[in-house]
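Text of model03.csv (CSV, C-alpha atoms) as supplied:
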chain,number,residue,atom,x,y,z
A,4,MET,CA,84.6,75.0,113.3
A,5,SER,CA,86.3,71.6,113.0
A,6,LYS,CA,90.0,71.2,113.8
A,7,GLN,CA,90.6,70.7,110.1
A,8,ASP,CA,89.0,74.0,109.2
A,9,PHE,CA,91.0,75.7,112.0
A,10,ASP,CA,94.3,74.1,110.7
A,11,ALA,CA,93.6,75.3,107.2
A,12,PHE,CA,92.8,78.8,108.5
A,13,ILE,CA,95.9,79.1,110.7
A,14,ASN,CA,98.1,77.8,107.9
A,15,GLN,CA,96.7,80.4,105.5
A,16,VAL,CA,97.3,83.2,108.1
A,17,ASN,CA,100.8,82.1,108.7
A,18,GLN,CA,101.5,81.8,105.0
A,19,LYS,CA,100.2,85.4,104.5
A,20,THR,CA,102.4,86.6,107.3
A,21,ASN,CA,105.4,85.0,105.7
A,22,GLU,CA,104.5,86.5,102.3
A,23,GLN,CA,104.3,89.9,103.9
A,24,LYS,CA,107.9,89.5,105.3
A,25,ILE,CA,109.2,89.6,101.7
A,26,ASN,CA,109.9,93.2,100.6
A,27,TRP,CA,108.6,92.9,97.1
A,28,ASP,CA,109.5,96.5,96.2
A,29,LYS,CA,113.1,95.7,97.1
A,30,THR,CA,112.9,92.5,95.1
A,31,ARG,CA,111.6,94.3,92.0
A,32,ASP,CA,114.3,97.1,92.3
A,33,GLU,CA,117.1,94.6,92.7
A,34,TRP,CA,115.8,92.7,89.6
A,35,LEU,CA,115.6,96.0,87.6
A,36,ASN,CA,119.2,96.8,88.7
A,37,TYR,CA,120.4,93.4,87.5
A,38,LEU,CA,118.5,93.9,84.3
A,39,SER,CA,120.1,97.2,83.7
A,40,GLY,CA,123.5,95.6,84.2
A,41,PHE,CA,122.6,92.8,81.8
A,42,TYR,CA,121.8,95.4,79.0
A,43,LYS,CA,125.1,97.2,79.7
A,44,THR,CA,127.0,93.9,79.3
A,45,ILE,CA,125.2,93.1,76.1
A,46,GLU,CA,125.9,96.7,74.8
A,47,GLY,CA,129.5,96.0,75.5
A,48,PHE,CA,129.5,92.8,73.5
A,49,LEU,CA,127.9,94.6,70.5
A,50,GLU,CA,129.9,97.9,70.7
A,51,GLU,CA,132.5,97.1,68.0
A,52,TYR,CA,129.8,96.0,65.6
A,53,LYS,CA,127.6,99.1,66.4
A,54,LYS,CA,130.6,101.4,65.9
A,55,ALA,CA,131.3,99.7,62.5
A,56,GLY,CA,127.7,100.3,61.5
A,57,LYS,CA,127.1,96.5,61.2
A,58,LEU,CA,124.2,96.4,63.6
A,59,SER,CA,121.9,98.7,65.5
A,60,TYR,CA,119.7,98.4,68.6
A,61,ASP,CA,117.1,100.4,70.4
A,62,TYR,CA,114.8,100.0,73.4
A,63,SER,CA,111.1,99.9,73.8
A,64,LYS,CA,109.0,99.5,76.9
A,65,LYS,CA,107.0,96.4,78.1
A,66,GLU,CA,104.7,96.1,81.1
A,67,ILE,CA,105.2,93.1,83.4
A,68,PHE,CA,102.7,92.0,86.0
A,69,GLU,CA,103.8,89.8,88.8
A,70,GLU,CA,101.7,88.6,91.7
A,71,TYR,CA,102.8,90.4,95.0
A,72,ILE,CA,104.9,92.9,93.0
A,73,GLY,CA,102.2,94.4,90.7
A,74,SER,CA,102.8,96.1,87.4
A,75,TYR,CA,106.0,97.7,86.4
A,76,SER,CA,107.8,98.7,83.2
A,77,VAL,CA,110.9,97.2,81.7
A,78,ASP,CA,113.1,97.8,78.7
A,79,VAL,CA,113.0,95.5,75.8
A,80,MET,CA,116.1,95.5,73.5
A,81,ASP,CA,115.6,95.2,69.8
A,82,ILE,CA,118.7,94.3,67.8
A,83,GLN,CA,118.7,94.8,64.0
A,84,LEU,CA,121.3,92.9,62.0
A,85,GLY,CA,120.7,93.6,58.3
A,86,GLU,CA,117.3,92.0,57.6
A,87,HIS,CA,117.3,90.1,60.8
A,88,ARG,CA,115.6,91.4,64.0
A,89,VAL,CA,116.0,89.8,67.4
A,90,ARG,CA,114.6,90.8,70.7
A,91,LEU,CA,115.8,90.6,74.3
A,92,GLU,CA,112.6,90.4,76.3
A,93,PRO,CA,112.6,90.4,80.2
A,94,ILE,CA,110.2,87.8,81.6
A,95,GLY,CA,110.1,88.6,85.4
A,96,THR,CA,111.8,87.9,88.7
A,97,ASN,CA,109.3,85.8,90.7
A,98,LEU,CA,110.2,82.6,88.9
A,99,ILE,CA,110.9,79.0,89.5
A,100,GLY,CA,114.6,78.2,89.5
A,101,ALA,CA,116.0,81.7,88.8
A,102,HIS,CA,115.9,85.3,90.2
A,103,GLY,CA,115.2,86.7,86.8
A,104,ARG,CA,115.0,85.8,83.2
A,105,VAL,CA,115.4,87.4,79.8
A,106,ASP,CA,114.6,85.6,76.6
A,107,LEU,CA,116.5,86.2,73.3
A,108,ILE,CA,113.9,85.7,70.6
A,109,GLY,CA,114.6,85.4,66.9
A,110,ALA,CA,113.0,83.9,63.8
A,111,ASN,CA,114.9,80.6,64.4
A,112,GLY,CA,114.3,80.1,68.1
A,113,LYS,CA,114.6,81.3,71.6
A,114,VAL,CA,117.6,81.3,74.1
A,115,ARG,CA,117.0,81.9,77.8
A,116,PHE,CA,119.2,84.0,80.1
A,117,GLY,CA,118.8,83.3,83.8
A,118,LEU,CA,119.9,85.3,86.8
A,119,VAL,CA,121.2,82.4,89.0
A,120,ASN,CA,123.8,81.7,91.7
A,121,GLU,CA,127.1,82.6,90.1
A,122,ASN,CA,128.7,79.3,91.1
A,123,TYR,CA,126.1,77.1,89.4
A,124,SER,CA,126.7,75.4,86.1
A,125,VAL,CA,123.6,73.2,86.4
A,126,PRO,CA,120.4,73.7,88.5
A,127,LEU,CA,121.2,72.4,92.0
A,128,TYR,CA,118.6,70.7,94.2
A,129,THR,CA,118.3,70.2,98.0
A,130,LYS,CA,117.4,66.6,98.8
A,131,ALA,CA,114.3,66.3,100.9
A,132,THR,CA,114.6,63.8,103.8
A,133,ILE,CA,111.8,62.1,105.7
A,134,SER,CA,111.4,63.5,109.2
A,135,VAL,CA,112.3,61.4,112.2
A,136,GLU,CA,109.5,60.2,114.5
A,137,GLY,CA,108.6,62.3,117.4
A,138,THR,CA,110.1,65.5,116.1
A,139,SER,CA,108.5,68.6,114.7
A,140,LYS,CA,108.7,69.9,111.2
A,141,LEU,CA,111.0,72.7,112.3
A,142,GLU,CA,113.3,70.3,114.1
A,143,ASN,CA,113.7,68.2,111.0
A,144,GLN,CA,114.5,71.1,108.8
A,145,GLN,CA,118.1,72.1,108.9
A,146,ILE,CA,118.1,75.7,110.0
A,147,VAL,CA,121.1,77.1,108.3
A,148,HIS,CA,121.6,80.8,107.8
A,149,ILE,CA,122.8,80.9,104.3
A,150,GLU,CA,124.1,84.2,103.0
A,151,LYS,CA,122.3,85.5,100.0
A,152,PRO,CA,124.0,84.0,97.0
A,153,LYS,CA,126.0,86.1,94.5
A,154,LEU,CA,124.0,86.2,91.3
A,155,ALA,CA,125.2,86.2,87.7
A,156,TRP,CA,123.5,86.1,84.3
A,157,LYS,CA,124.0,82.8,82.6
A,158,ILE,CA,122.7,81.2,79.4
A,159,ALA,CA,120.4,78.3,80.2
A,160,THR,CA,120.5,75.4,77.7
A,161,PRO,CA,117.0,74.0,76.8
A,162,PRO,CA,115.6,70.9,78.6
A,163,PRO,CA,116.4,68.1,79.0
A,164,ARG,CA,119.6,68.4,81.1
A,165,ILE,CA,119.6,72.1,81.6
A,166,LYS,CA,123.0,73.6,82.0
A,167,TYR,CA,124.1,77.2,82.7
A,168,LYS,CA,126.9,78.8,80.6
A,169,LYS,CA,128.7,81.8,81.7
A,170,LEU,CA,127.6,84.9,79.8
A,171,GLU,CA,130.6,86.0,77.7
A,172,GLN,CA,130.8,87.6,74.3
A,173,ASP,CA,131.5,84.4,72.4
A,174,VAL,CA,128.6,82.6,74.1
A,175,PHE,CA,126.2,85.5,73.5
A,176,LEU,CA,127.2,85.9,69.8
A,177,GLU,CA,126.7,82.1,69.4
A,178,ALA,CA,123.2,82.5,70.9
A,179,LEU,CA,122.5,85.4,68.5
A,180,LEU,CA,123.5,83.3,65.5
A,181,GLU,CA,121.3,80.4,66.8
A,182,VAL,CA,118.1,82.5,67.1
A,183,ILE,CA,118.7,84.2,63.7
A,184,GLY,CA,119.5,80.8,62.0
A,185,GLY,CA,122.8,82.1,60.7
X,248,MET,CA,93.1,48.6,95.5
X,249,ASP,CA,92.9,49.1,91.7
X,250,LYS,CA,95.9,48.0,89.8
X,251,LEU,CA,97.6,50.9,88.0
X,252,ILE,CA,99.0,50.3,84.6
X,253,ALA,CA,102.4,51.8,84.9
X,254,GLN,CA,102.9,54.0,82.0
X,255,PRO,CA,104.2,57.2,83.5
X,256,LEU,CA,105.5,60.0,81.2
X,257,GLN,CA,109.3,60.5,81.4
X,258,LEU,CA,110.5,64.1,81.7
X,259,GLU,CA,113.1,63.6,79.0
X,260,GLU,CA,110.5,62.2,76.6
X,261,ILE,CA,108.4,65.3,77.2
X,262,ALA,CA,111.4,67.6,76.5
X,263,ASN,CA,112.3,65.7,73.3
X,264,TYR,CA,108.7,66.0,72.2
X,265,TYR,CA,108.7,69.8,72.8
X,266,ASN,CA,112.1,70.3,71.0
X,267,ASP,CA,111.0,68.2,68.0
X,268,SER,CA,107.6,69.9,67.8
X,269,GLU,CA,109.2,73.4,68.0
X,270,ALA,CA,111.6,72.6,65.3
X,271,SER,CA,108.9,71.1,63.1
X,272,LEU,CA,106.7,74.2,63.5
X,273,ARG,CA,109.6,76.4,62.5
X,274,LEU,CA,110.2,74.3,59.4
X,275,TYR,CA,106.5,74.2,58.5
X,276,PHE,CA,106.2,78.0,58.8
X,277,SER,CA,109.3,78.6,56.7
X,278,ASP,CA,109.9,78.6,52.9
X,279,LYS,CA,111.6,75.3,53.3
X,280,ASN,CA,108.2,73.7,53.6
X,281,PRO,CA,107.3,72.3,50.1
X,282,SER,CA,103.7,73.5,50.5
X,283,PHE,CA,104.6,76.9,52.0
X,284,GLU,CA,103.3,78.9,49.1
X,285,ASN,CA,99.9,77.1,49.0
X,286,ARG,CA,99.5,77.2,52.8
X,287,PHE,CA,100.5,80.8,53.4
X,288,LEU,CA,99.6,82.3,50.1
X,289,ASP,CA,98.1,85.6,51.2
X,290,TYR,CA,100.0,86.0,54.5
X,291,SER,CA,102.0,89.1,55.4
X,292,VAL,CA,105.3,88.6,57.3
X,293,GLU,CA,103.5,89.9,60.5
X,294,GLU,CA,100.6,87.5,60.0
X,295,LEU,CA,103.0,84.5,59.5
X,296,SER,CA,104.9,85.4,62.6
X,297,ALA,CA,101.7,85.9,64.7
X,298,GLU,CA,100.4,82.5,63.7
X,299,LEU,CA,103.6,80.8,64.4
X,300,ASN,CA,103.8,82.4,67.8
X,301,SER,CA,100.2,81.3,68.5
X,302,ARG,CA,101.3,77.7,67.7
X,303,PHE,CA,104.2,78.1,70.1
X,304,ASP,CA,102.0,79.3,72.8
X,305,GLU,CA,99.7,76.3,72.4
X,306,LEU,CA,102.7,74.0,72.3
X,307,GLU,CA,104.0,75.5,75.6
X,308,ARG,CA,100.6,75.0,77.2
X,309,SER,CA,100.0,71.5,76.0
X,310,THR,CA,103.5,70.4,76.9
X,311,SER,CA,103.1,72.1,80.3
X,312,LEU,CA,100.0,70.0,80.8
X,313,SER,CA,102.0,66.8,80.1
X,314,LEU,CA,104.7,67.9,82.6
X,315,LEU,CA,102.1,68.5,85.3
X,316,ALA,CA,100.5,65.2,84.6
X,317,ALA,CA,103.9,63.5,84.9
X,318,LEU,CA,104.4,65.4,88.2
X,319,GLU,CA,101.1,64.2,89.5
X,320,ALA,CA,102.0,60.6,88.5
X,321,MET,CA,105.2,60.7,90.6
X,322,PHE,CA,103.2,61.6,93.7
X,323,ARG,CA,100.4,59.2,93.1
X,324,ILE,CA,102.7,56.2,92.3
X,325,ASP,CA,104.7,57.0,95.5
X,326,TYR,CA,101.4,57.2,97.5
X,327,LYS,CA,100.3,53.8,96.3
X,328,GLU,CA,103.7,52.3,96.8
X,329,ARG,CA,104.0,53.6,100.4
X,330,VAL,CA,100.6,52.3,101.2
X,331,LYS,CA,101.4,48.9,99.7
X,332,LYS,CA,104.9,48.4,101.2
X,333,ARG,CA,103.8,49.3,104.7
X,334,LYS,CA,107.2,50.9,105.5
X,335,LYS,CA,107.7,52.3,109.0
X,336,ASP,CA,109.0,55.7,108.2
X,337,ARG,CA,107.0,58.8,109.2
X,338,LEU,CA,106.0,59.8,105.7
X,339,SER,CA,104.7,56.3,104.8
X,340,LYS,CA,102.7,56.1,108.0
X,341,ALA,CA,101.1,59.5,107.4
X,342,LEU,CA,100.2,58.5,103.8
X,343,ARG,CA,98.7,55.3,105.1
X,344,GLU,CA,96.6,57.3,107.5
X,345,LEU,CA,95.4,59.4,104.7
X,346,PHE,CA,94.6,56.3,102.6
X,347,LYS,CA,92.5,55.0,105.5
X,348,SER,CA,90.1,58.0,105.2
X,349,LYS,CA,90.4,58.9,101.5
X,350,GLU,CA,91.9,56.0,99.7
X,351,LEU,CA,92.6,56.9,96.1
X,352,LYS,CA,90.4,60.0,96.3
X,353,ALA,CA,93.0,61.9,98.3
X,354,SER,CA,93.5,65.3,96.8
X,355,LEU,CA,97.0,66.0,95.5
X,356,GLU,CA,97.0,69.7,96.5
X,357,ASP,CA,95.0,69.5,99.7
X,358,ASP,CA,96.1,66.2,101.1
X,359,ILE,CA,99.2,64.6,99.6
X,360,PHE,CA,101.3,67.8,99.3
X,361,ASN,CA,100.5,68.7,102.9
X,362,VAL,CA,101.6,65.3,104.1
X,363,TRP,CA,104.9,65.7,102.4
X,364,LEU,CA,105.2,69.2,103.9
X,365,GLU,CA,104.5,68.0,107.4
X,366,ASN,CA,106.7,64.9,107.3
X,367,THR,CA,109.8,65.7,105.3
X,368,SER,CA,112.4,68.5,105.2
X,369,VAL,CA,110.9,69.8,101.9
X,370,LYS,CA,110.9,73.5,101.8
X,371,PRO,CA,107.5,75.2,102.1
X,372,GLN,CA,108.3,77.4,99.1
X,373,LEU,CA,108.6,74.3,96.9
X,374,ILE,CA,105.2,73.1,98.0
X,375,GLU,CA,103.8,76.5,97.3
X,376,ASP,CA,105.3,76.5,93.8
X,377,LEU,CA,103.7,73.1,93.3
X,378,LYS,CA,100.3,74.2,94.5
X,379,GLY,CA,100.5,77.2,92.2
X,380,ALA,CA,101.6,75.0,89.3
X,381,PHE,CA,98.6,72.8,89.8
X,382,LYS,CA,96.2,75.8,89.8
X,383,TYR,CA,97.7,76.5,86.4
X,384,ARG,CA,97.0,72.8,85.4
X,385,HIS,CA,93.4,73.2,86.4
X,386,TRP,CA,93.2,76.3,84.3
X,387,LEU,CA,94.7,74.4,81.3
X,388,ALA,CA,92.6,71.3,81.8
X,389,HIS,CA,89.3,73.0,82.4
X,390,GLY,CA,89.1,75.3,79.4
X,391,ARG,CA,91.0,78.4,80.6
X,392,TYR,CA,87.7,80.3,81.2
X,393,TRP,CA,88.9,82.2,84.3
X,394,THR,CA,91.9,84.3,85.3
X,395,PRO,CA,93.9,82.1,87.6
X,396,LYS,CA,95.8,83.4,90.8
X,397,MET,CA,98.9,81.3,90.8
X,398,GLY,CA,101.6,83.1,92.8
X,399,LYS,CA,104.2,83.0,90.0
X,400,PRO,CA,103.8,84.9,86.8
X,401,ASN,CA,105.4,82.3,84.6
X,402,TYR,CA,104.3,78.8,84.9
X,403,ASP,CA,105.7,78.3,81.4
X,404,TYR,CA,107.2,75.1,80.0
X,405,PHE,CA,110.7,76.0,80.9
X,406,GLY,CA,109.9,76.9,84.5
X,407,LEU,CA,107.7,73.9,84.9
X,408,TYR,CA,110.4,71.6,83.5
X,409,GLN,CA,112.8,73.0,86.1
X,410,LEU,CA,110.3,72.4,88.9
X,411,ALA,CA,109.5,68.9,87.7
X,412,GLU,CA,113.2,68.0,87.5
X,413,ASN,CA,113.8,69.5,90.9
X,414,ILE,CA,111.0,67.4,92.4
X,415,LEU,CA,112.2,64.2,90.7
X,416,ASN,CA,115.8,64.7,91.8
X,417,SER,CA,115.1,65.9,95.4
X,418,PHE,CA,112.1,63.9,96.6
X,419,PRO,CA,112.7,60.3,98.0
X,420,PHE,CA,109.9,58.8,95.9
X,421,GLU,CA,109.1,55.1,96.1
X,422,GLY,CA,108.4,53.3,92.9
X,423,ILE,CA,109.7,56.0,90.5

Structure translated into structure tokens:
Amino acid sequence: MSKQDFDAFINQVNQKTNEQKINWDKTRDEWLNYLSGFYKTIEGFLEEYKKAGKLSYDYSKKEIFEEYIGSYSVDVMDIQLGEHRVRLEPIGTNLIGAHGRVDLIGANGKVRFGLVNENYSVPLYTKATISVEGTSKLENQQIVHIEKPKLAWKIATPPPRIKYKKLEQDVFLEALLEVIGG
Amino acid sequence: MDKLIAQPLQLEEIANYYNDSEASLRLYFSDKNPSFENRFLDYSVEELSAELNSRFDELERSTSLSLLAALEAMFRIDYKERVKKRKKDRLSKALRELFKSKELKASLEDDIFNVWLENTSVKPQLIEDLKGAFKYRHWLAHGRYWTPKMGKPNYDYFGLYQLAENILNSFPFEGI
């Protein structure tokens, strides 16, 4: 076995060990809790219209498969406004740039809701720096014990220049109108 | 070394193309299209919706392919620039070493990404996301005839755009 083969092998073993350290069941359960909270928030936004008989909604089930997590079931919310029907469809939790996503889909388009750091109004990036000679990778990485960020649901504007808007009733109703084309 | 004709795709142009194409498809599949009745004469509402969604899926995939091509271009341009400029930093030296053995045939996923991982503060998870994204690109570019194992469930246009923007804004690329 060459050194290159050994390096590839040991990197793979270490990667698998790191993957195993993540408690994927906990990740899934946390995501489902946030999703449940998301639907409660949306139901709150729609309550006055539902009580007045101006709209209705119901839930159906959808299966999601995510690598490392496996298959699980989530609620999809269907909202009926007169002849218009829109859907709130969960996408998953093991995503790039967010801890979870739900898409609002209507005849006129799609609006994305991301579960992101509550302080973010735009996606934030950590600048990569070139390592200093004679130091190891670990020495060059700033080892900072960051507390898990508080997460919040936000509306993500489409690219380019993605922005996060706080999820409030006005913003949600505006998104609803946008996907309906009203 | 071969001269590259610099014509890299810009992320913003890709996003504008996606947004305009999406809006155009919606218009074409609506009764505002002057030839709507001829084109969709015997369609039910469900069939119309299914065909439109199929077009959106294809738009997502073709635009994702463009995003991934743009991402590859960023790394390849940087690779050539660092070899050419002969800078003394650790990353440039490591890429020059790679060039000595593999020249322009260096693999993006197996060689160049690993050099970045070993010689910069870039987070391993970001490189893993990139490697997964390029498995998706191979799947797109080679006919989608197998089930890919990518690590993330949703290498869709939106997620890939965020990844590409993250890389562009956080990596100290040369020549970009």

ask   = Residues at most 10 Å from Tyr37 (chain A), counting all atoms listed in the file, excluding those fewer than 6 positions away in the same chain, as a list in words?
value = Arg31, Lys43, His102, Gly103, Leu118, Leu154, Ala155 and Trp156 of chain A

query = What is the CA of Asn280 (chain X)-CA of Pro161 (chain A) distance in Å, reported with one decimal?
reply = 24.8 Å

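Within 7 Å of chain A, and counting all atoms listed in the file, chain X contributes Glu259, Ala262, Arg337, Leu338, Glu365, Asn366, Thr367, Ser368, Val369, Gly398, Lys399, Pro400, Asn401, Gly406, Gln409, Leu410, Asn413, Ser417, Phe418 and Pro419 of chain X.
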
task = Dig up all the protein and nucleic acid residues within 10 Å of (123.2, 98.6, 65.7) in the file frame, using all atoms listed in the file, and format them as a ChimeraX atom specification.
result = /A:46,49-61,81-85

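When CA of Leu295 (chain X) is paired with CA of Tyr275 (chain X), their separation reads 10.9 Å.
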
message = At a cut-off of 12 Å, using all atoms listed in the file, what residues contact Leu180 (chain A)? Leave out same-chain residues fewer than 2 positions from it and give the result as an MDAnalysis selection string.
response = chainID A and resid 84 87:89 107:114 173:178 182:185

Nearby residues (all atoms listed in the file) at most 10 Å from region 318-322 of chain X, same-chain spacing under 6 positions excluded, as an mmCIF file with C-alpha atoms, in the coordinates of the input:
data_model
loop_
_atom_site.group_PDB
_atom_site.id
_atom_site.type_symbol
_atom_site.label_atom_id
_atom_site.label_comp_id
_atom_site.auth_asym_id
_atom_site.auth_seq_id
_atom_site.Cartn_x
_atom_site.Cartn_y
_atom_site.Cartn_z
ATOM 1 C CA ALA X 253 102.400 51.800 84.900
ATOM 2 C CA GLN X 254 102.900 54.000 82.000
ATOM 3 C CA PRO X 255 104.200 57.200 83.500
ATOM 4 C CA LEU X 256 105.500 60.000 81.200
ATOM 5 C CA GLN X 257 109.300 60.500 81.400
ATOM 6 C CA LEU X 258 110.500 64.100 81.700
ATOM 7 C CA LEU X 312 100.000 70.000 80.800
ATOM 8 C CA GLU X 328 103.700 52.300 96.800
ATOM 9 C CA LEU X 355 97.000 66.000 95.500
ATOM 10 C CA GLU X 356 97.000 69.700 96.500
ATOM 11 C CA ILE X 359 99.200 64.600 99.600
ATOM 12 C CA PHE X 360 101.300 67.800 99.300
ATOM 13 C CA TRP X 363 104.900 65.700 102.400
ATOM 14 C CA LEU X 377 103.700 73.100 93.300
ATOM 15 C CA PHE X 381 98.600 72.800 89.800
ATOM 16 C CA LEU X 407 107.700 73.900 84.900
ATOM 17 C CA TYR X 408 110.400 71.600 83.500
ATOM 18 C CA LEU X 410 110.300 72.400 88.900
ATOM 19 C CA ALA X 411 109.500 68.900 87.700
ATOM 20 C CA GLU X 412 113.200 68.000 87.500
ATOM 21 C CA ILE X 414 111.000 67.400 92.400
ATOM 22 C CA LEU X 415 112.200 64.200 90.700
ATOM 23 C CA PHE X 418 112.100 63.900 96.600
ATOM 24 C CA PHE X 420 109.900 58.800 95.900
ATOM 25 C CA GLU X 421 109.100 55.100 96.100
ATOM 26 C CA GLY X 422 108.400 53.300 92.900
ATOM 27 C CA ILE X 423 109.700 56.000 90.500
#
